[in-house]
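The structure appears below as structure tokens.
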Amino acid sequence: MATEERAVASLDWRGSDGAPQRDLVIAGARVVDPREEIDAAHDVVVRGGEVAELAEPGSAEIEGAEVIDAEGLLVLPAFFDPHVHLRTPGREDEEDLETGSRAAAAGGYCGVLAMANTQPPVDTAADVAALRERAREQAAIPMGFLACVTQGMRGEELTEMAELADAGAIGFTDDGLPIRNARILRRALQYQRLVGLPIALHEEDPELSAGGSMNEGAVSALLGIGGIPSISESTMIARDAAIAAFEGARIHVQHLSAVESVAAVESAKATGVEITCEATPHHLTLTDEEVRSLDARFKMNPPLRSEADRQALIEAIRSGAIDCIATDHAPHSSDEKEVPFEQAAMGVIGLETAFPALYTKLVLPGVLELATLVRALSAGGEPFGFALPRLTPGNAANLVLVDTEAEWDAGADGWESRSQNSCFAGMRLRGRVLMTVAAGRVAYRQRSFAMGVA
Ligand SMILES: [Zn+2]
Ligand SMILES: [Zn+2]
């Protein structure tokens, strides 16, 4: 059963009260929307929360509107992240819906989907309802919540998927853990077909990755650290794609990291399996060479892989074999990270650096076209049935204003996130989000930019 396309604005957030917002003219910006084949200077008029007009530069005059001089700046469709961890409930010392959504808005996102591996995990309708209620009070941008596939993420018994869907869950996942038991996954996919919401899968064979803290390869051998082989991921993708095909179900594969995984997804797609997938900014820009530093900021699951793996991911973004970019934003407190590498928690924050890191490391050197990056960053809602952000008149205003000339040291001014475990911290990055409009409302203004406007 296909889900109907939903508006990003249908997700929960503070702005969903419908209070009026001042009209906006973003004057003279270069507007890039690859899906609409737009790449030209325009005055972008936002009226009543919609893109009302793309006017000739300097021509738009709207009474009472705020006018932003955006010459030399870029307007892009806002980004959508289908994979974040907001640590709520249970670890609000690491992140909550307010700080997590602020980080997302600061990164140019108009929507995020939160994973269910909280403490306790999101596995009842009441859990989903409580989170949605909190989002309506605290979230700076629209956010949705996935619920667990199995009760308590124990991998044994399925949750009440129909009830969870009725309560407003956006999909299902045990992310953080794979679904080890193929019979359980098969039954979940049978329900998935009935319920109509996608299942997002963290693909990892726990026997193959047991004892591993980083990619298995030359660097792990040199350091004497236990490795996680790439086949830990790719063999599970192949298994789950086969089960999905058998059941006529739909799956979304999370955080692809390896060349064999790309091949597994490509071959599933070629045979008509309903499969989508994502890759993260860190897997697209860094390799396991970083781990030589033994800095736990480079520890995540799946781990940073080899240069050949990274190149395969980039090529798959180009070809569309990888559908979208997701950050897997995973806040951790410093006492979980400032310990020897093998004991450190896995995961990195990523919302505030996604665009600048990818722009600096892939677009500036000519590896990836800007249009390709924009397409991949804004496509994250599609596997979950959300309408893509578009800059043509009549669409809800989901857009981001970016200064691609701005240089900054990531993290030097602190983070909007409550955690600091960024693998890009301290790096000189080009490209800065100045303003984010989510579902028609200004959700973020960069501090120096906001002062300039006033
Ligand atoms: Zn995961
Ligand atoms: Zn995750």
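To be explicit about the labels: the chains of the structure tokens are called A, B, and onward in the order shown, and within each one the residues are counted from 1, while ligands get numbers from 1 in the order they are shown.
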
Compile the contact shell of region 347-351 of chain A as a VMD selection string: residues with an atom at most 7 Å away, counting only C-alpha atoms, same-chain residues fewer than 3 positions apart removed. chain A and resid 103 to 104 107 297 299 to 301 327 329 to 331 354 421 to 423

For the selection just defined, write its residues with all heavy atoms to a file, as a tab-separated table (two decimals), in the first residue's frame.
chain	number	residue	atom	x	y	z
A	103	ALA	N	19.63	22.83	16.35
A	103	ALA	CA	20.81	22.42	15.57
A	103	ALA	C	20.41	22.13	14.13
A	103	ALA	O	21.10	22.48	13.19
A	103	ALA	CB	21.45	21.18	16.22
A	104	ALA	N	19.26	21.50	13.97
A	104	ALA	CA	18.78	21.17	12.61
A	104	ALA	C	18.47	22.44	11.84
A	104	ALA	O	18.87	22.60	10.68
A	104	ALA	CB	17.55	20.27	12.69
A	107	GLY	N	21.42	24.08	10.65
A	107	GLY	CA	22.06	23.36	9.55
A	107	GLY	C	21.30	23.49	8.24
A	107	GLY	O	21.73	22.96	7.22
A	297	ARG	N	36.23	11.10	18.49
A	297	ARG	CA	35.30	11.83	17.62
A	297	ARG	C	35.15	11.16	16.26
A	297	ARG	O	34.25	11.46	15.51
A	297	ARG	CB	35.78	13.27	17.43
A	297	ARG	CG	35.56	14.14	18.66
A	297	ARG	CD	35.88	15.59	18.37
A	297	ARG	NE	37.28	15.77	17.96
A	297	ARG	CZ	37.62	16.27	16.78
A	297	ARG	NH1	36.72	16.63	15.92
A	297	ARG	NH2	38.90	16.41	16.47
A	299	LYS	N	34.81	7.90	15.98
A	299	LYS	CA	34.25	6.58	16.23
A	299	LYS	C	32.74	6.62	16.06
A	299	LYS	O	32.03	7.35	16.75
A	299	LYS	CB	34.60	6.11	17.65
A	299	LYS	CG	34.11	4.69	17.91
A	299	LYS	CD	34.56	4.17	19.25
A	299	LYS	CE	34.07	2.74	19.45
A	299	LYS	NZ	34.41	2.25	20.80
A	300	MET	N	32.26	5.85	15.12
A	300	MET	CA	30.82	5.76	14.89
A	300	MET	C	30.51	4.41	14.27
A	300	MET	O	31.40	3.67	13.87
A	300	MET	CB	30.32	6.92	14.02
A	300	MET	CG	30.83	6.97	12.60
A	300	MET	SD	32.55	7.46	12.44
A	300	MET	CE	32.51	9.22	12.58
A	301	ASN	N	29.20	4.10	14.21
A	301	ASN	CA	28.77	2.82	13.68
A	301	ASN	C	27.69	3.04	12.62
A	301	ASN	O	26.65	3.60	12.95
A	301	ASN	CB	28.21	1.95	14.82
A	301	ASN	CG	27.99	0.52	14.38
A	301	ASN	OD1	28.53	0.09	13.36
A	301	ASN	ND2	27.19	-0.21	15.13
A	327	THR	N	22.23	12.61	8.38
A	327	THR	CA	23.41	12.84	9.23
A	327	THR	C	23.66	11.73	10.24
A	327	THR	O	24.77	11.56	10.69
A	327	THR	CB	23.29	14.16	10.01
A	327	THR	OG1	22.20	14.05	10.93
A	327	THR	CG2	23.13	15.34	9.07
A	329	HIS	N	22.81	12.10	13.14
A	329	HIS	CA	23.18	12.99	14.26
A	329	HIS	C	23.02	12.22	15.58
A	329	HIS	O	21.91	11.85	15.95
A	329	HIS	CB	22.26	14.20	14.21
A	329	HIS	CG	22.43	15.19	15.31
A	329	HIS	ND1	23.38	16.19	15.28
A	329	HIS	CD2	21.75	15.37	16.46
A	329	HIS	CE1	23.29	16.94	16.37
A	329	HIS	NE2	22.30	16.46	17.11
A	330	ALA	N	24.13	11.99	16.26
A	330	ALA	CA	24.12	11.13	17.46
A	330	ALA	C	24.90	11.79	18.59
A	330	ALA	O	26.09	11.56	18.77
A	330	ALA	CB	24.72	9.77	17.12
A	331	PRO	N	24.20	12.63	19.37
A	331	PRO	CA	24.88	13.35	20.46
A	331	PRO	C	25.33	12.40	21.57
A	331	PRO	O	24.62	11.46	21.93
A	331	PRO	CB	23.80	14.31	20.98
A	331	PRO	CG	22.73	14.32	19.94
A	331	PRO	CD	22.78	12.99	19.28
A	354	ALA	N	26.58	19.52	8.11
A	354	ALA	CA	26.35	18.68	6.93
A	354	ALA	C	26.63	19.45	5.63
A	354	ALA	O	27.48	19.04	4.82
A	354	ALA	CB	24.93	18.14	6.94
A	421	ASN	N	30.27	16.31	20.15
A	421	ASN	CA	31.06	15.24	19.54
A	421	ASN	C	30.97	15.28	18.01
A	421	ASN	O	30.41	14.40	17.38
A	421	ASN	CB	30.63	13.88	20.09
A	421	ASN	CG	29.14	13.61	19.96
A	421	ASN	OD1	28.30	14.42	20.38
A	421	ASN	ND2	28.79	12.47	19.38
A	422	SER	N	31.57	16.32	17.45
A	422	SER	CA	31.58	16.49	15.99
A	422	SER	C	32.92	16.03	15.43
A	422	SER	O	33.97	16.40	15.94
A	422	SER	CB	31.37	17.95	15.63
A	422	SER	OG	31.74	18.18	14.28
A	423	CYS	N	32.86	15.24	14.35
A	423	CYS	CA	34.11	14.83	13.71
A	423	CYS	C	34.66	15.94	12.81
A	423	CYS	O	35.74	15.80	12.26
A	423	CYS	CB	33.91	13.53	12.91
A	423	CYS	SG	32.60	13.61	11.69

Dump the neighbourhood of ligand 1 as an mmCIF file with N, CA, C and O atoms, in the first residue's frame: all residues within 10 Å, distances computed on only C-alpha atoms and all ligand atoms.
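What ended up in result_18.cif:
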data_model
loop_
_atom_site.group_PDB
_atom_site.id
_atom_site.type_symbol
_atom_site.label_atom_id
_atom_site.label_comp_id
_atom_site.auth_asym_id
_atom_site.auth_seq_id
_atom_site.Cartn_x
_atom_site.Cartn_y
_atom_site.Cartn_z
ATOM 1 N N HIS A 83 17.174 10.852 9.610
ATOM 2 C CA HIS A 83 17.872 10.000 10.574
ATOM 3 C C HIS A 83 18.639 10.832 11.601
ATOM 4 O O HIS A 83 19.806 11.176 11.391
ATOM 5 N N VAL A 84 17.958 11.162 12.709
ATOM 6 C CA VAL A 84 18.641 11.852 13.804
ATOM 7 C C VAL A 84 18.283 11.170 15.127
ATOM 8 O O VAL A 84 17.254 10.494 15.246
ATOM 9 N N HIS A 85 19.169 11.359 16.101
ATOM 10 C CA HIS A 85 18.931 10.871 17.469
ATOM 11 C C HIS A 85 18.813 12.101 18.363
ATOM 12 O O HIS A 85 19.755 12.877 18.467
ATOM 13 N N MET A 115 14.988 8.892 15.660
ATOM 14 C CA MET A 115 15.023 7.444 15.860
ATOM 15 C C MET A 115 14.450 7.083 17.229
ATOM 16 O O MET A 115 14.280 7.931 18.096
ATOM 17 N N ASN A 117 15.616 4.743 19.536
ATOM 18 C CA ASN A 117 16.445 4.070 20.552
ATOM 19 C C ASN A 117 16.742 4.983 21.724
ATOM 20 O O ASN A 117 17.882 5.192 22.119
ATOM 21 N N THR A 173 11.761 1.511 13.182
ATOM 22 C CA THR A 173 13.182 1.181 13.145
ATOM 23 C C THR A 173 13.642 0.706 14.513
ATOM 24 O O THR A 173 13.107 1.152 15.533
ATOM 25 N N ASP A 174 14.606 -0.187 14.509
ATOM 26 C CA ASP A 174 15.324 -0.527 15.742
ATOM 27 C C ASP A 174 16.730 0.079 15.681
ATOM 28 O O ASP A 174 17.656 -0.428 16.308
ATOM 29 N N ASP A 175 16.884 1.156 14.918
ATOM 30 C CA ASP A 175 18.224 1.710 14.672
ATOM 31 C C ASP A 175 19.043 1.823 15.946
ATOM 32 O O ASP A 175 18.532 2.181 17.005
ATOM 33 N N GLY A 176 20.323 1.572 15.756
ATOM 34 C CA GLY A 176 21.233 1.378 16.878
ATOM 35 C C GLY A 176 21.570 -0.097 16.909
ATOM 36 O O GLY A 176 22.693 -0.494 17.181
ATOM 37 N N LEU A 177 20.550 -0.884 16.537
ATOM 38 C CA LEU A 177 20.713 -2.334 16.482
ATOM 39 C C LEU A 177 20.138 -2.863 15.172
ATOM 40 O O LEU A 177 19.169 -2.318 14.642
ATOM 41 N N PRO A 178 20.716 -3.939 14.672
ATOM 42 C CA PRO A 178 20.108 -4.621 13.530
ATOM 43 C C PRO A 178 18.961 -5.513 14.004
ATOM 44 O O PRO A 178 18.833 -5.772 15.197
ATOM 45 N N ALA A 200 12.954 1.315 8.524
ATOM 46 C CA ALA A 200 14.333 1.762 8.313
ATOM 47 C C ALA A 200 15.272 0.807 9.041
ATOM 48 O O ALA A 200 15.053 0.493 10.219
ATOM 49 N N LEU A 201 16.296 0.358 8.335
ATOM 50 C CA LEU A 201 17.131 -0.722 8.863
ATOM 51 C C LEU A 201 18.582 -0.317 9.059
ATOM 52 O O LEU A 201 19.240 0.194 8.149
ATOM 53 N N HIS A 202 19.056 -0.562 10.280
ATOM 54 C CA HIS A 202 20.482 -0.471 10.609
ATOM 55 C C HIS A 202 21.050 -1.849 10.311
ATOM 56 O O HIS A 202 20.756 -2.813 11.023
ATOM 57 N N GLU A 203 21.837 -1.918 9.241
ATOM 58 C CA GLU A 203 22.265 -3.230 8.745
ATOM 59 C C GLU A 203 23.643 -3.612 9.271
ATOM 60 O O GLU A 203 24.654 -2.979 8.959
ATOM 61 N N GLU A 204 23.656 -4.653 10.075
ATOM 62 C CA GLU A 204 24.913 -5.077 10.690
ATOM 63 C C GLU A 204 24.728 -6.509 11.171
ATOM 64 O O GLU A 204 23.757 -6.800 11.865
ATOM 65 N N VAL A 253 17.316 1.532 3.840
ATOM 66 C CA VAL A 253 18.575 1.119 4.456
ATOM 67 C C VAL A 253 19.314 2.356 4.950
ATOM 68 O O VAL A 253 19.525 3.314 4.206
ATOM 69 N N GLN A 254 19.706 2.311 6.224
ATOM 70 C CA GLN A 254 20.337 3.473 6.839
ATOM 71 C C GLN A 254 21.852 3.464 6.637
ATOM 72 O O GLN A 254 22.463 2.411 6.456
ATOM 73 N N HIS A 255 22.412 4.632 6.687
ATOM 74 C CA HIS A 255 23.870 4.855 6.708
ATOM 75 C C HIS A 255 24.730 3.815 5.989
ATOM 76 O O HIS A 255 25.515 3.108 6.599
ATOM 77 N N LEU A 256 24.618 3.770 4.669
ATOM 78 C CA LEU A 256 25.496 2.912 3.864
ATOM 79 C C LEU A 256 26.945 3.365 4.032
ATOM 80 O O LEU A 256 27.228 4.554 3.975
ATOM 81 N N MET A 300 32.263 5.849 15.123
ATOM 82 C CA MET A 300 30.820 5.762 14.894
ATOM 83 C C MET A 300 30.509 4.409 14.274
ATOM 84 O O MET A 300 31.400 3.672 13.868
ATOM 85 N N ASN A 301 29.196 4.097 14.215
ATOM 86 C CA ASN A 301 28.771 2.819 13.681
ATOM 87 C C ASN A 301 27.693 3.042 12.620
ATOM 88 O O ASN A 301 26.647 3.604 12.947
ATOM 89 N N PRO A 302 27.869 2.636 11.376
ATOM 90 C CA PRO A 302 29.065 1.969 10.857
ATOM 91 C C PRO A 302 30.293 2.875 10.914
ATOM 92 O O PRO A 302 30.157 4.091 10.927
ATOM 93 N N ASP A 328 22.631 10.981 10.643
ATOM 94 C CA ASP A 328 22.760 10.078 11.796
ATOM 95 C C ASP A 328 23.301 10.857 13.008
ATOM 96 O O ASP A 328 24.141 10.346 13.761
ATOM 97 N N ALA A 330 24.134 11.994 16.263
ATOM 98 C CA ALA A 330 24.124 11.134 17.458
ATOM 99 C C ALA A 330 24.899 11.789 18.588
ATOM 100 O O ALA A 330 26.089 11.561 18.770
ATOM 101 N N MET A 346 29.811 5.103 20.311
ATOM 102 C CA MET A 346 29.831 5.312 18.864
ATOM 103 C C MET A 346 28.838 6.401 18.480
ATOM 104 O O MET A 346 27.712 6.414 18.972
ATOM 105 N N GLY A 347 29.252 7.290 17.579
ATOM 106 C CA GLY A 347 28.316 8.290 17.066
ATOM 107 C C GLY A 347 28.878 9.695 17.079
ATOM 108 O O GLY A 347 29.733 10.027 17.905
#

Find the residues near Gln446 (chain A): any atom within 8 Å, counting only C-alpha atoms, skip ones fewer than 3 places away on the same chain, and give them as an MDAnalysis selection string. chainID A and resid 106 433:435 449:450

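Proximity of A:Leu194, A:Val32, A:Ala357, A:Ala396 to Leu73 (chain A), computed with only C-alpha atoms, is greatest for A:Val32.
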
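Counting only C-alpha atoms and all ligand atoms, the residue from A:Arg6, A:Arg30, A:Arg87, A:Arg418 that sits nearest to ligand 2 is A:Arg87.
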
Give me, as number ranges by chain, all polymer residues having an atom no more than 9 Å from Arg390 (chain A), counting only C-alpha atoms and skipping those fewer than 5 positions away in the same chain. A: 33, 35-36, 51, 76-78, 395-399

Using DSSP on the backbone coordinates, identify all residues within region 1-123 of chain A classified as strand (DSSP E); present the result as JSON, numbers by chain. {"A": [24, 25, 26, 27, 28, 29, 30, 31, 32, 33, 38, 39, 40, 41, 42, 43, 44, 45, 46, 47, 50, 51, 52, 53, 54, 55, 66, 67, 68, 69, 74, 75, 76, 77, 79, 80, 81, 82, 83, 84, 109, 110, 111, 112, 113, 114]}

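Reported to one decimal place, the separation of CA of Gly366 (chain A) from CA of Ala321 (chain A) is 20.0 Å.
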
So that I can check the surroundings of region 402-417 of chain A, please list as an MDAnalysis selection string every protein, DNA and RNA residue that reaches within 7 Å of it, counting only C-alpha atoms and ignoring chain neighbours fewer than 3 positions away. chainID A and resid 73:75 95 99:100 102:103 420 424:434

Given the choices A:Ala387, A:Ala242, A:Gln138, A:Leu54, which gets closest to Ile38 (chain A) if the distance is worked out from only C-alpha atoms? A:Leu54

Members of region 166-341 of chain A assigned alpha helix (DSSP H) by DSSP, as a PyMOL selection string: chain A and resi 166+182-195+206-209+218-223+231-247+259-270+281-285+307-319+334-337

So that I can see what lies close to Ala268 (chain A), please list as a PyMOL selection string the residues with an atom at most 8 Å from it, counting only C-alpha atoms and leaving out residues fewer than 3 positions away in the same chain. chain A and resi 238+241-242+264-265+271-273+275

Emit the selected residues as a compact mmCIF listing (two decimals), in the first residue's frame, including C-alpha atoms.
# COMPACT_ATOMS: atom_id res chain seq x y z
CA ALA A 238 21.37 -8.55 0.77
CA ALA A 241 16.44 -6.99 0.38
CA ALA A 242 15.66 -10.62 -0.44
CA ALA A 264 23.87 -4.89 -2.75
CA VAL A 265 21.45 -1.95 -2.97
CA THR A 271 15.48 -6.40 -9.72
CA GLY A 272 12.65 -4.12 -8.63
CA VAL A 273 12.90 -4.37 -4.85
CA ILE A 275 14.44 -0.22 -1.41

Spatial neighbours of Ser306 (chain A), 8 Å, only C-alpha atoms, chain gap at least 4 places, as a PyMOL selection string: chain A and resi 215+217+287-289+310
